[in-house]
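Visitor: Here you go, this is coords09.cif (mmCIF, C-alpha atoms (C1' of nucleotides)).
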data_protein
#
loop_
_atom_site.label_atom_id
_atom_site.label_comp_id
_atom_site.auth_asym_id
_atom_site.auth_seq_id
_atom_site.Cartn_x
_atom_site.Cartn_y
_atom_site.Cartn_z
CA MET Z 1 0.00 0.00 0.00
CA LYS Z 2 2.92 2.33 0.64
CA ARG Z 3 4.04 1.75 -2.94
CA LYS Z 4 0.53 2.27 -4.25
CA LEU Z 5 -0.11 5.55 -2.44
CA ASN Z 6 3.23 6.92 -3.54
CA ASN Z 7 2.53 5.88 -7.12
CA ILE Z 8 -0.81 7.66 -7.08
CA PHE Z 9 0.89 10.79 -5.85
CA LEU Z 10 3.52 10.62 -8.58
CA ARG Z 11 0.90 10.14 -11.28
CA LEU Z 12 -1.22 13.03 -10.08
CA SER Z 13 1.81 15.21 -9.67
CA ALA Z 14 2.97 14.44 -13.21
CA ALA Z 15 -0.51 14.99 -14.62
CA PHE Z 16 -1.40 18.22 -12.84
CA GLY Z 17 1.79 19.81 -11.52
CA PRO Z 18 2.03 22.03 -8.43
CA GLN Z 19 -1.32 23.18 -7.04
CA HIS Z 20 -0.03 26.06 -4.88
CA TRP Z 21 -2.30 25.45 -1.90
CA TRP Z 22 -3.52 27.06 0.29
CA PRO Z 23 -4.27 30.23 -1.69
CA ALA Z 24 -3.99 32.91 1.01
CA GLU Z 25 -1.70 35.71 2.15
CA ASN Z 26 -1.31 34.46 5.71
CA ALA Z 27 -2.29 31.75 8.16
CA PHE Z 28 -5.25 33.62 9.61
CA GLU Z 29 -6.73 33.99 6.15
CA VAL Z 30 -6.34 30.23 5.69
CA ILE Z 31 -8.40 29.62 8.82
CA VAL Z 32 -11.17 31.99 7.81
CA GLY Z 33 -11.18 30.42 4.35
CA ALA Z 34 -11.34 26.93 5.85
CA ILE Z 35 -14.54 27.80 7.69
CA LEU Z 36 -16.08 29.67 4.77
CA THR Z 37 -15.42 26.89 2.28
CA GLN Z 38 -17.42 24.27 4.17
CA ASN Z 39 -19.60 22.61 1.54
CA THR Z 40 -19.01 25.62 -0.68
CA ASN Z 41 -17.29 26.41 -3.96
CA TRP Z 42 -13.95 28.14 -3.41
CA GLN Z 43 -14.79 30.90 -5.90
CA ASN Z 44 -17.61 32.07 -3.69
CA VAL Z 45 -15.30 32.05 -0.68
CA GLU Z 46 -12.75 34.24 -2.46
CA LYS Z 47 -15.35 36.92 -3.01
CA ALA Z 48 -16.16 36.93 0.69
CA LEU Z 49 -12.47 37.10 1.65
CA LEU Z 50 -12.00 39.99 -0.75
CA ARG Z 51 -14.83 41.93 0.88
CA LEU Z 52 -13.31 41.40 4.31
CA LYS Z 53 -9.96 42.61 3.00
CA GLU Z 54 -11.50 45.67 1.37
CA GLN Z 55 -12.95 46.62 4.75
CA LYS Z 56 -9.57 45.92 6.40
CA LEU Z 57 -11.30 43.49 8.71
CA LEU Z 58 -9.33 40.33 8.03
CA THR Z 59 -7.48 40.20 11.35
CA PRO Z 60 -8.52 38.36 14.54
CA LYS Z 61 -9.15 41.47 16.64
CA LYS Z 62 -10.96 43.41 13.93
CA LEU Z 63 -13.21 40.49 13.08
CA ALA Z 64 -13.96 39.94 16.75
CA LYS Z 65 -15.24 43.50 17.05
CA VAL Z 66 -17.56 43.37 14.06
CA ARG Z 67 -21.19 42.59 14.85
CA VAL Z 68 -22.18 39.12 13.77
CA GLU Z 69 -24.96 40.56 11.59
CA LYS Z 70 -22.50 42.75 9.73
CA LEU Z 71 -20.05 39.88 9.37
CA ALA Z 72 -22.83 37.76 7.91
CA SER Z 73 -23.65 40.40 5.31
CA LEU Z 74 -20.00 40.67 4.29
CA ILE Z 75 -19.59 36.93 3.72
CA LYS Z 76 -22.89 36.47 1.93
CA SER Z 77 -21.29 35.18 -1.25
CA ALA Z 78 -19.91 32.15 0.59
CA GLY Z 79 -23.39 30.83 1.35
CA TYR Z 80 -24.70 29.69 4.76
CA TYR Z 81 -23.70 33.18 5.84
CA ASN Z 82 -25.57 33.30 9.15
CA LEU Z 83 -24.18 29.93 10.14
CA LYS Z 84 -20.65 30.77 9.07
CA ALA Z 85 -20.64 34.19 10.72
CA ALA Z 86 -21.53 32.46 13.99
CA ARG Z 87 -18.86 29.82 13.42
CA LEU Z 88 -16.22 32.46 12.76
CA LYS Z 89 -17.22 34.13 16.02
CA PHE Z 90 -16.92 30.83 17.90
CA PHE Z 91 -13.43 30.32 16.53
CA LEU Z 92 -12.38 33.91 17.23
CA ARG Z 93 -13.49 33.69 20.83
CA TYR Z 94 -11.44 30.52 21.28
CA PHE Z 95 -8.45 31.90 19.36
CA LEU Z 96 -8.27 35.20 21.24
CA ARG Z 97 -8.90 33.68 24.67
CA ASN Z 98 -6.33 30.90 24.34
CA TYR Z 99 -3.67 32.41 22.13
CA GLY Z 100 -4.36 36.14 22.01
CA GLY Z 101 -4.90 35.84 18.29
CA SER Z 102 -1.35 34.62 17.73
CA ILE Z 103 -0.84 31.84 15.18
CA ARG Z 104 2.71 31.27 16.41
CA ARG Z 105 1.58 30.71 19.97
CA MET Z 106 -1.10 28.34 18.79
CA ALA Z 107 1.35 26.40 16.62
CA ARG Z 108 3.59 25.80 19.62
CA ARG Z 109 0.99 23.59 21.29
CA ASP Z 110 1.12 19.79 21.19
CA LEU Z 111 -0.45 18.52 17.97
CA ALA Z 112 -2.85 15.94 19.39
CA ASP Z 113 -4.08 18.35 22.08
CA LEU Z 114 -4.51 21.10 19.52
CA ARG Z 115 -6.60 18.91 17.25
CA GLN Z 116 -8.88 17.96 20.14
CA GLU Z 117 -9.17 21.61 21.07
CA LEU Z 118 -10.16 22.62 17.56
CA LEU Z 119 -12.75 19.85 17.37
CA GLY Z 120 -14.22 21.30 20.54
CA VAL Z 121 -14.97 24.61 18.82
CA LYS Z 122 -18.53 24.62 17.52
CA GLY Z 123 -18.47 24.66 13.75
CA ILE Z 124 -15.10 22.99 13.38
CA GLY Z 125 -15.27 19.33 12.41
CA PRO Z 126 -12.50 16.93 11.36
CA GLU Z 127 -11.90 18.31 7.88
CA THR Z 128 -11.82 21.94 8.94
CA ALA Z 129 -9.61 21.16 11.94
CA ASP Z 130 -7.14 19.22 9.82
CA SER Z 131 -7.14 21.88 7.09
CA ILE Z 132 -6.22 24.44 9.73
CA LEU Z 133 -3.50 22.20 11.17
CA LEU Z 134 -1.94 21.42 7.80
CA TYR Z 135 -2.43 24.57 5.78
CA ALA Z 136 -2.35 27.27 8.44
CA LEU Z 137 -0.06 25.74 11.06
CA ALA Z 138 2.11 23.51 8.83
CA LYS Z 139 1.49 20.37 10.90
CA PRO Z 140 1.89 16.96 9.23
CA VAL Z 141 -1.82 16.07 9.21
CA PHE Z 142 -3.57 14.53 6.20
CA VAL Z 143 -6.86 16.17 5.24
CA ILE Z 144 -9.71 13.94 4.07
CA ASP Z 145 -12.58 15.40 2.08
CA ALA Z 146 -15.53 14.25 0.00
CA TYR Z 147 -13.39 14.00 -3.13
CA THR Z 148 -10.83 11.78 -1.45
CA LYS Z 149 -13.59 9.49 -0.21
CA ARG Z 150 -15.15 9.21 -3.64
CA ILE Z 151 -11.85 8.69 -5.48
CA PHE Z 152 -10.68 5.95 -3.13
CA SER Z 153 -14.05 4.27 -3.15
CA ARG Z 154 -14.21 4.33 -6.98
CA HIS Z 155 -10.73 2.92 -7.29
CA LYS Z 156 -11.48 0.16 -4.79
CA LEU Z 157 -8.88 1.38 -2.33
CA ALA Z 158 -11.48 1.90 0.39
CA LYS Z 159 -14.99 0.70 1.16
CA GLU Z 160 -17.76 3.03 0.14
CA ASP Z 161 -18.66 3.65 3.77
CA ALA Z 162 -15.09 4.14 5.00
CA ASP Z 163 -15.14 6.89 7.60
CA TYR Z 164 -12.89 9.91 8.03
CA SER Z 165 -10.57 8.34 10.57
CA TRP Z 166 -10.05 5.16 8.54
CA LEU Z 167 -9.12 7.07 5.40
CA GLN Z 168 -6.84 9.41 7.29
CA GLN Z 169 -4.96 6.50 8.83
CA LEU Z 170 -4.53 4.93 5.41
CA PHE Z 171 -2.47 7.95 4.41
CA THR Z 172 -0.68 8.63 7.66
CA ARG Z 173 0.37 4.99 8.09
CA ASN Z 174 1.69 4.65 4.55
CA LEU Z 175 3.28 7.98 3.70
CA LYS Z 176 6.23 9.91 5.03
CA HIS Z 177 4.96 12.49 7.52
CA ASP Z 178 5.95 15.45 5.44
CA VAL Z 179 4.01 18.71 5.42
CA SER Z 180 4.80 19.49 1.79
CA LEU Z 181 3.78 16.00 0.68
CA PHE Z 182 0.50 16.08 2.61
CA ASN Z 183 -0.21 19.57 1.35
CA GLU Z 184 0.33 18.73 -2.28
CA TYR Z 185 -1.27 15.29 -2.13
CA HIS Z 186 -4.58 16.53 -0.81
CA ALA Z 187 -4.64 19.43 -3.25
CA LEU Z 188 -4.01 17.02 -6.13
CA LEU Z 189 -6.85 14.75 -4.99
CA VAL Z 190 -9.20 17.72 -5.02
CA LYS Z 191 -8.03 18.61 -8.50
CA LEU Z 192 -8.64 15.04 -9.66
CA GLY Z 193 -12.06 15.04 -8.03
CA LYS Z 194 -13.08 18.25 -9.74
CA ASP Z 195 -11.78 17.42 -13.19
CA PHE Z 196 -12.35 13.66 -13.51
CA CYS Z 197 -13.87 11.77 -10.60
CA ARG Z 198 -17.25 13.52 -10.63
CA LYS Z 199 -20.56 12.17 -9.36
CA LYS Z 200 -22.11 12.82 -12.76
CA ASN Z 201 -20.20 12.51 -16.01
CA PRO Z 202 -17.03 11.04 -14.52
CA LYS Z 203 -14.17 10.93 -17.00
CA CYS Z 204 -12.93 7.53 -15.87
CA GLU Z 205 -11.39 6.49 -19.20
CA ILE Z 206 -9.06 9.46 -19.28
CA CYS Z 207 -8.43 9.76 -15.55
CA PRO Z 208 -4.69 9.88 -14.74
CA LEU Z 209 -5.25 6.95 -12.38
CA TYR Z 210 -7.07 4.80 -14.93
CA GLY Z 211 -5.88 1.22 -14.68
CA GLN Z 212 -4.05 1.70 -11.38
"C1'" DC C 213 -34.58 24.09 -14.91
"C1'" DA C 214 -31.63 20.87 -11.73
"C1'" DC C 215 -27.44 19.97 -9.62
"C1'" DC C 216 -23.32 20.76 -7.10
"C1'" DA C 217 -19.66 22.99 -4.24
"C1'" DG C 218 -12.55 21.91 -0.56
"C1'" DG C 219 -19.02 20.28 6.11
"C1'" DC C 220 -21.08 20.51 10.45
"C1'" DA C 221 -24.48 20.17 14.08
"C1'" DA C 222 -28.85 18.98 15.70
"C1'" DG C 223 -32.71 16.12 15.53
"C1'" DT C 224 -34.91 11.54 15.08
"C1'" DA C 225 -35.59 6.53 15.77
"C1'" DT S 226 -25.38 3.99 16.42
"C1'" DA S 227 -27.11 5.39 11.87
"C1'" DC S 228 -29.67 8.17 9.10
"C1'" DT S 229 -31.90 12.73 7.91
"C1'" DT S 230 -32.29 17.68 7.60
"C1'" DG S 231 -31.13 22.76 7.69
"C1'" DC S 232 -28.01 25.93 6.24
"C1'" DA S 233 -27.87 29.46 1.13
"C1'" DT S 234 -25.13 31.59 -2.54
"C1'" DG S 235 -23.46 31.37 -7.29
"C1'" DG S 236 -21.63 28.75 -11.34
"C1'" DT S 237 -22.58 25.23 -14.96
#
What would you get if you wrote out this structure as structure tokens?
Guide:
Amino acid sequence: MKRKLNNIFLRLSAAFGPQHWWPAENAFEVIVGAILTQNTNWQNVEKALLRLKEQKLLTPKKLAKVRVEKLASLIKSAGYYNLKAARLKFFLRYFLRNYGGSIRRMARRDLADLRQELLGVKGIGPETADSILLYALAKPVFVIDAYTKRIFSRHKLAKEDADYSWLQQLFTRNLKHDVSLFNEYHALLVKLGKDFCRKKNPKCEICPLYGQ
DNA sequence: CACCAGGCAAGTA
DNA sequence: TACTTGCATGGT
């Protein structure tokens, strides 16, 4: 399986090249983006992030001061705006209380404890927590998403009902724990999911993994 | 028009 | 435990 997972990575890497994830100017922006992109197209998230930047509000303290109603109106384009405004507030309260809004202080904490902490914040589930750990804090954590589940199920590398933890262990047990590798691998799986391994009209015959 | 997008929490049985 | 539903905009 180690050989197989590395082969898949090499094929995707050769087919698609560098994905340059996570698209953001800083770690805090990654976190906000991670919450806004829940079940949402990234394009719509970018518009919301741009609005926050235009208003010079994309910092922990500034965002914490904004009324939740105003925050919701600013992130409208990302969908679920009332829900996500509340979730951003939940995270901000946690982030400011525990780390004073400092990414560096947060990153110093023990990884397993930090993951549990994040999962304790309302609105942050496994995928969002792991996205924050990997893409904002540069921790060697593999992110599992709907695309990864579908791709591995289609290619018979996992059962259809394999859960988050099972899939994550498949990667972490068989790959070198390398932040750059985990970063690029997940980004490539998303790319493959978008371009080939769709629910409808999957392009299986011309998928870079066809026959693997 | 229908369907989907880089999920999560709460409710039900 | 294992489903189901609400959340909501914008692109194809």
Visitor: Specify as a PyMOL selection string each residue included when the PyMOL selection byres ((chain Z) within 10 of (chain C)) is applied to this file.
Guide: chain Z and resi 33-44+83+122-128+131+143-147+186-187+190-191+194+199-200
Visitor: Which residues of chain S come within 9 Å of chain Z, and what is each one's closest atom pair and distance in Å (one decimal), counting only C-alpha atoms (C1' of nucleotides), sorted by chain and residue number, as JSON lines?
Guide:
{"residue": "S:DC232", "atom": "C1'", "partner": "Z:Tyr80", "partner_atom": "CA", "distance": 5.2}
{"residue": "S:DA233", "atom": "C1'", "partner": "Z:Gly79", "partner_atom": "CA", "distance": 4.7}
{"residue": "S:DT234", "atom": "C1'", "partner": "Z:Gly79", "partner_atom": "CA", "distance": 4.3}
{"residue": "S:DG235", "atom": "C1'", "partner": "Z:Asn44", "partner_atom": "CA", "distance": 6.9}
{"residue": "S:DG236", "atom": "C1'", "partner": "Z:Asn41", "partner_atom": "CA", "distance": 8.9}
Visitor: Could you work out how far atom CA of Z:Arg87 lies from atom CA of Z:Val68, giving the answer in Å with one decimal?
Guide: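 Computing the Euclidean distance for atom CA of Z:Val68 and atom CA of Z:Arg87 yields 9.9 Å.
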Visitor: One number please: atom CA of Z:Pro140 to atom CA of Z:Asp178, in Å, one decimal.
Guide: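 Answer for the atom CA of Z:Pro140 to atom CA of Z:Asp178 separation: 5.8 Å.
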Visitor: For atom CA of Z:Leu74 and atom CA of Z:Leu52, quote the distance in Å rounded to one decimal.
Guide: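 Result for atom CA of Z:Leu74 versus atom CA of Z:Leu52: 6.7 Å, one decimal.
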Visitor: Counting only C-alpha atoms, which residue out of Z:Ala129, Z:Leu119, Z:Ala136, Z:Val32 sits closest to Z:Leu57?
Guide: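 Of Z:Ala129, Z:Leu119, Z:Ala136, Z:Val32, the one nearest Z:Leu57 is Z:Val32, counting only C-alpha atoms.
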Visitor: Find, counting all atoms listed in the file, the residue in Z:Leu209, Z:Leu49, Z:Cys204, Z:Val121 that gets nearest to Z:Ala14.
Guide: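 Of the candidates, the smallest distance to Z:Ala14 is held by Z:Leu209.
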Visitor: Can you pull out every residue within 12 Å of Z:Leu111, counting all atoms listed in the file, but drop anything in the same chain fewer than 2 positions away, and send it as a list in words?
Guide: Met106, Ala107, Arg108, Arg109, Asp113, Leu114, Arg115, Gln116, Glu117, Leu118, Ala129, Asp130, Ile132, Leu133, Leu134, Leu137, Ala138, Lys139, Pro140 and Val141 of chain Z
Visitor: Can you pull out the residues contacting stretch 4-10 of chain Z? Cut-off 12 Å, using all atoms listed in the file, and skip same-chain residues under 2 positions away; I want them as a VMD selection string.
Guide: chain Z and resid 1 to 2 12 to 18 151 to 152 155 157 170 to 176 181 to 189 192 207 to 212
Visitor: Return stretch 105-130 of chain Z, completed with N, CA and C atoms, as a PDB file, in the coordinates of the input.
Guide:
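Produced file part-v2.pdb, reproduced below:
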ATOM      1  N   ARG Z 105       1.810  31.294  18.654  1.00  0.00           N
ATOM      2  CA  ARG Z 105       1.580  30.710  19.970  1.00  0.00           C
ATOM      3  C   ARG Z 105       0.757  29.437  19.862  1.00  0.00           C
ATOM      4  N   MET Z 106      -0.234  29.502  18.989  1.00  0.00           N
ATOM      5  CA  MET Z 106      -1.100  28.340  18.790  1.00  0.00           C
ATOM      6  C   MET Z 106      -0.304  27.166  18.225  1.00  0.00           C
ATOM      7  N   ALA Z 107       0.580  27.461  17.288  1.00  0.00           N
ATOM      8  CA  ALA Z 107       1.350  26.400  16.620  1.00  0.00           C
ATOM      9  C   ALA Z 107       2.325  25.714  17.553  1.00  0.00           C
ATOM     10  N   ARG Z 108       2.638  26.355  18.662  1.00  0.00           N
ATOM     11  CA  ARG Z 108       3.590  25.800  19.620  1.00  0.00           C
ATOM     12  C   ARG Z 108       2.989  24.653  20.428  1.00  0.00           C
ATOM     13  N   ARG Z 109       1.674  24.589  20.474  1.00  0.00           N
ATOM     14  CA  ARG Z 109       0.990  23.590  21.290  1.00  0.00           C
ATOM     15  C   ARG Z 109       1.144  22.175  20.719  1.00  0.00           C
ATOM     16  N   ASP Z 110       1.035  21.204  21.587  1.00  0.00           N
ATOM     17  CA  ASP Z 110       1.120  19.790  21.190  1.00  0.00           C
ATOM     18  C   ASP Z 110       0.038  19.467  20.152  1.00  0.00           C
ATOM     19  N   LEU Z 111       0.440  18.758  19.113  1.00  0.00           N
ATOM     20  CA  LEU Z 111      -0.450  18.520  17.970  1.00  0.00           C
ATOM     21  C   LEU Z 111      -1.744  17.815  18.325  1.00  0.00           C
ATOM     22  N   ALA Z 112      -1.650  16.704  19.057  1.00  0.00           N
ATOM     23  CA  ALA Z 112      -2.850  15.940  19.390  1.00  0.00           C
ATOM     24  C   ALA Z 112      -3.808  16.762  20.257  1.00  0.00           C
ATOM     25  N   ASP Z 113      -3.250  17.501  21.217  1.00  0.00           N
ATOM     26  CA  ASP Z 113      -4.080  18.350  22.080  1.00  0.00           C
ATOM     27  C   ASP Z 113      -4.750  19.443  21.255  1.00  0.00           C
ATOM     28  N   LEU Z 114      -3.995  20.012  20.337  1.00  0.00           N
ATOM     29  CA  LEU Z 114      -4.510  21.100  19.520  1.00  0.00           C
ATOM     30  C   LEU Z 114      -5.674  20.632  18.647  1.00  0.00           C
ATOM     31  N   ARG Z 115      -5.535  19.434  18.099  1.00  0.00           N
ATOM     32  CA  ARG Z 115      -6.600  18.910  17.250  1.00  0.00           C
ATOM     33  C   ARG Z 115      -7.881  18.706  18.069  1.00  0.00           C
ATOM     34  N   GLN Z 116      -7.724  18.155  19.261  1.00  0.00           N
ATOM     35  CA  GLN Z 116      -8.880  17.960  20.140  1.00  0.00           C
ATOM     36  C   GLN Z 116      -9.522  19.298  20.494  1.00  0.00           C
ATOM     37  N   GLU Z 117      -8.693  20.276  20.737  1.00  0.00           N
ATOM     38  CA  GLU Z 117      -9.170  21.610  21.070  1.00  0.00           C
ATOM     39  C   GLU Z 117     -10.008  22.191  19.936  1.00  0.00           C
ATOM     40  N   LEU Z 118      -9.459  22.081  18.725  1.00  0.00           N
ATOM     41  CA  LEU Z 118     -10.160  22.620  17.560  1.00  0.00           C
ATOM     42  C   LEU Z 118     -11.498  21.923  17.352  1.00  0.00           C
ATOM     43  N   LEU Z 119     -11.504  20.603  17.548  1.00  0.00           N
ATOM     44  CA  LEU Z 119     -12.750  19.850  17.370  1.00  0.00           C
ATOM     45  C   LEU Z 119     -13.789  20.255  18.417  1.00  0.00           C
ATOM     46  N   GLY Z 120     -13.318  20.847  19.498  1.00  0.00           N
ATOM     47  CA  GLY Z 120     -14.220  21.300  20.540  1.00  0.00           C
ATOM     48  C   GLY Z 120     -14.873  22.642  20.226  1.00  0.00           C
ATOM     49  N   VAL Z 121     -14.379  23.329  19.214  1.00  0.00           N
ATOM     50  CA  VAL Z 121     -14.970  24.610  18.820  1.00  0.00           C
ATOM     51  C   VAL Z 121     -16.178  24.326  17.936  1.00  0.00           C
ATOM     52  N   LYS Z 122     -17.326  24.885  18.293  1.00  0.00           N
ATOM     53  CA  LYS Z 122     -18.530  24.620  17.520  1.00  0.00           C
ATOM     54  C   LYS Z 122     -18.377  25.134  16.095  1.00  0.00           C
ATOM     55  N   GLY Z 123     -18.602  24.261  15.150  1.00  0.00           N
ATOM     56  CA  GLY Z 123     -18.470  24.660  13.750  1.00  0.00           C
ATOM     57  C   GLY Z 123     -17.211  24.143  13.099  1.00  0.00           C
ATOM     58  N   ILE Z 124     -16.325  23.574  13.925  1.00  0.00           N
ATOM     59  CA  ILE Z 124     -15.100  22.990  13.380  1.00  0.00           C
ATOM     60  C   ILE Z 124     -15.141  21.476  13.541  1.00  0.00           C
ATOM     61  N   GLY Z 125     -15.260  20.785  12.418  1.00  0.00           N
ATOM     62  CA  GLY Z 125     -15.270  19.330  12.410  1.00  0.00           C
ATOM     63  C   GLY Z 125     -13.902  18.824  11.969  1.00  0.00           C
ATOM     64  N   PRO Z 126     -13.797  17.530  11.695  1.00  0.00           N
ATOM     65  CA  PRO Z 126     -12.500  16.930  11.360  1.00  0.00           C
ATOM     66  C   PRO Z 126     -11.819  17.564  10.144  1.00  0.00           C
ATOM     67  N   GLU Z 127     -12.560  17.778   9.077  1.00  0.00           N
ATOM     68  CA  GLU Z 127     -11.900  18.310   7.880  1.00  0.00           C
ATOM     69  C   GLU Z 127     -11.409  19.734   8.079  1.00  0.00           C
ATOM     70  N   THR Z 128     -12.227  20.557   8.704  1.00  0.00           N
ATOM     71  CA  THR Z 128     -11.820  21.940   8.940  1.00  0.00           C
ATOM     72  C   THR Z 128     -10.651  21.993   9.920  1.00  0.00           C
ATOM     73  N   ALA Z 129     -10.706  21.190  10.961  1.00  0.00           N
ATOM     74  CA  ALA Z 129      -9.610  21.160  11.940  1.00  0.00           C
ATOM     75  C   ALA Z 129      -8.308  20.752  11.264  1.00  0.00           C
ATOM     76  N   ASP Z 130      -8.364  19.703  10.459  1.00  0.00           N
ATOM     77  CA  ASP Z 130      -7.140  19.220   9.820  1.00  0.00           C
ATOM     78  C   ASP Z 130      -6.641  20.186   8.744  1.00  0.00           C
TER      79      ASP Z 130
END
